[in-house]
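Report on the following structure.
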Amino acid sequence: ENFLNEVIHDLYKQRIQSVIIEGGALTLQLFIESKIWDEARVFTSPRTFGEGIASPIIQGTLRVQENIDSDRLEFFIPH
């Protein structure tokens, strides 16, 4: 958690106001749990790969849902 605060503080000092986080489940879950996100775009495919790591849990408000070919795009904002 301290690492995440340092990253955010460094971005603030550099006047960076927008960041796209693309990471694994742990990285994404850290940002979600720290409540330092303002939108999430989630792509879901009907394809499965068998076993794997569970995706992060987003507790937010679903604003838009759209189908793109066989995939689904969901747009969330925090509660």
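We name chains A, B, ... following the order of the structure tokens; residues begin at 1 in each chain, and ligands are numbered from 1 as shown.
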Review point. Residues at most 9 Å from segment 57-60 of chain A, counting only C-alpha atoms, excluding those fewer than 2 positions away in the same chain, as a ChimeraX atom specification?
Key: /A:29,32-33,39-40,54-55,62,76-79
Review point. Near segment 46-51 of chain A, within 9 Å and counting only C-alpha atoms, which residues show up once chain neighbours fewer than 2 positions away are dropped, as a PyMOL selection string?
Key: chain A and resi 44+53+70-72
Let's have the selection written as a compact mmCIF listing (two decimals), in the first residue's frame, with C-alpha atoms.
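In the end it all went to part_26.txt:
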```
# COMPACT_ATOMS: atom_id res chain seq x y z
CA THR A 44 -15.30 -9.93 -21.11
CA ILE A 53 -6.40 -16.18 -11.75
CA SER A 70 -18.68 -11.72 -29.26
CA ASP A 71 -17.10 -9.70 -26.41
CA ARG A 72 -18.77 -7.41 -23.88
```
Practice item. Please run DSSP on the backbone and report, as a PyMOL selection string, all residues within chain A that come out as helix (DSSP H, G or I). Key: chain A and resi 2-13+25-33
Review point. As a PyMOL selection string, which residues of segment 9-67 of chain A does DSSP assign to strand (DSSP E)?
Key: chain A and resi 40-44+60-67
Since we have the selection now, will you write its residues out, keeping N, CA and C atoms, as a compact mmCIF listing (two decimals), in the first residue's frame?
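File selection_12.txt, as written:
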```
# COMPACT_ATOMS: atom_id res chain seq x y z
N ALA A 40 -13.57 2.40 -14.88
CA ALA A 40 -13.01 1.11 -15.24
C ALA A 40 -13.74 0.61 -16.48
N ARG A 41 -12.97 0.13 -17.41
CA ARG A 41 -13.54 -0.46 -18.63
C ARG A 41 -13.15 -1.93 -18.64
N VAL A 42 -14.16 -2.78 -18.63
CA VAL A 42 -13.93 -4.21 -18.48
C VAL A 42 -14.38 -4.94 -19.74
N PHE A 43 -13.45 -5.62 -20.37
CA PHE A 43 -13.79 -6.46 -21.53
C PHE A 43 -13.95 -7.89 -21.04
N THR A 44 -15.03 -8.54 -21.46
CA THR A 44 -15.30 -9.93 -21.11
C THR A 44 -15.55 -10.71 -22.39
N GLY A 60 -18.67 -0.88 -8.27
CA GLY A 60 -18.96 0.43 -8.83
C GLY A 60 -20.32 0.40 -9.49
N THR A 61 -20.64 1.46 -10.16
CA THR A 61 -21.91 1.59 -10.86
C THR A 61 -21.69 1.35 -12.35
N LEU A 62 -22.40 0.40 -12.90
CA LEU A 62 -22.32 0.14 -14.33
C LEU A 62 -23.00 1.27 -15.07
N ARG A 63 -22.26 1.98 -15.93
CA ARG A 63 -22.81 3.11 -16.67
C ARG A 63 -23.23 2.72 -18.09
N VAL A 64 -22.39 1.93 -18.75
CA VAL A 64 -22.64 1.56 -20.15
C VAL A 64 -22.20 0.12 -20.35
N GLN A 65 -22.96 -0.59 -21.15
CA GLN A 65 -22.59 -1.94 -21.55
C GLN A 65 -22.79 -2.05 -23.05
N GLU A 66 -21.80 -2.60 -23.73
CA GLU A 66 -21.84 -2.66 -25.19
C GLU A 66 -21.25 -3.99 -25.66
N ASN A 67 -21.84 -4.57 -26.67
CA ASN A 67 -21.29 -5.78 -27.28
C ASN A 67 -20.40 -5.40 -28.45
```
**Study point:** Computed interatomic separation between atom CA of Asn5 of chain A and atom CA of Glu74 of chain A (Å)
**Key:**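 Interatomic distance, atom CA of Asn5 of chain A to atom CA of Glu74 of chain A: 27.4 Å.
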Exercise for review: Please identify all polymer residues within 12 Å of Val7 of chain A, counting only C-alpha atoms, omitting same-chain residues fewer than 6 positions from it, and present them as a ChimeraX atom specification.
Suggested key: /A:1,13-14,16,19,31,36
Generate the output file for the selected residues, N, CA, C and O atoms, as a tab-separated table (two decimals), in the first residue's frame.
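result_19.tsv was written with the following content:
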```
chain	number	residue	atom	x	y	z
A	1	GLU	N	0.84	-1.20	0.00
A	1	GLU	CA	0.00	0.00	0.00
A	1	GLU	C	0.87	1.25	0.00
A	1	GLU	O	0.56	2.23	-0.66
A	13	LYS	N	3.23	15.09	-8.20
A	13	LYS	CA	4.33	16.05	-8.28
A	13	LYS	C	4.68	16.37	-9.73
A	13	LYS	O	5.10	17.47	-10.03
A	14	GLN	N	4.50	15.39	-10.61
A	14	GLN	CA	4.80	15.60	-12.03
A	14	GLN	C	3.61	16.19	-12.79
A	14	GLN	O	3.66	16.33	-14.01
A	16	ILE	N	0.81	14.85	-13.47
A	16	ILE	CA	0.15	13.87	-14.33
A	16	ILE	C	-1.22	13.61	-13.74
A	16	ILE	O	-1.35	13.20	-12.59
A	19	VAL	N	-4.01	8.43	-15.76
A	19	VAL	CA	-3.16	7.25	-15.87
A	19	VAL	C	-4.03	6.06	-16.24
A	19	VAL	O	-5.11	5.88	-15.69
A	31	PHE	N	-5.50	-0.90	-6.73
A	31	PHE	CA	-6.06	0.41	-7.08
A	31	PHE	C	-7.55	0.47	-6.72
A	31	PHE	O	-8.02	1.48	-6.21
A	36	ILE	N	-8.79	4.72	-5.58
A	36	ILE	CA	-8.15	5.80	-6.34
A	36	ILE	C	-8.34	5.57	-7.83
A	36	ILE	O	-7.42	5.62	-8.62
```
Practice item. Tell me which of A:Leu30, A:Ile20, A:Leu73, A:Ala25 sits closest to Asn2 of chain A, counting only C-alpha atoms. Key: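 When distances to Asn2 of chain A are compared using only C-alpha atoms, the smallest one comes from A:Leu30.
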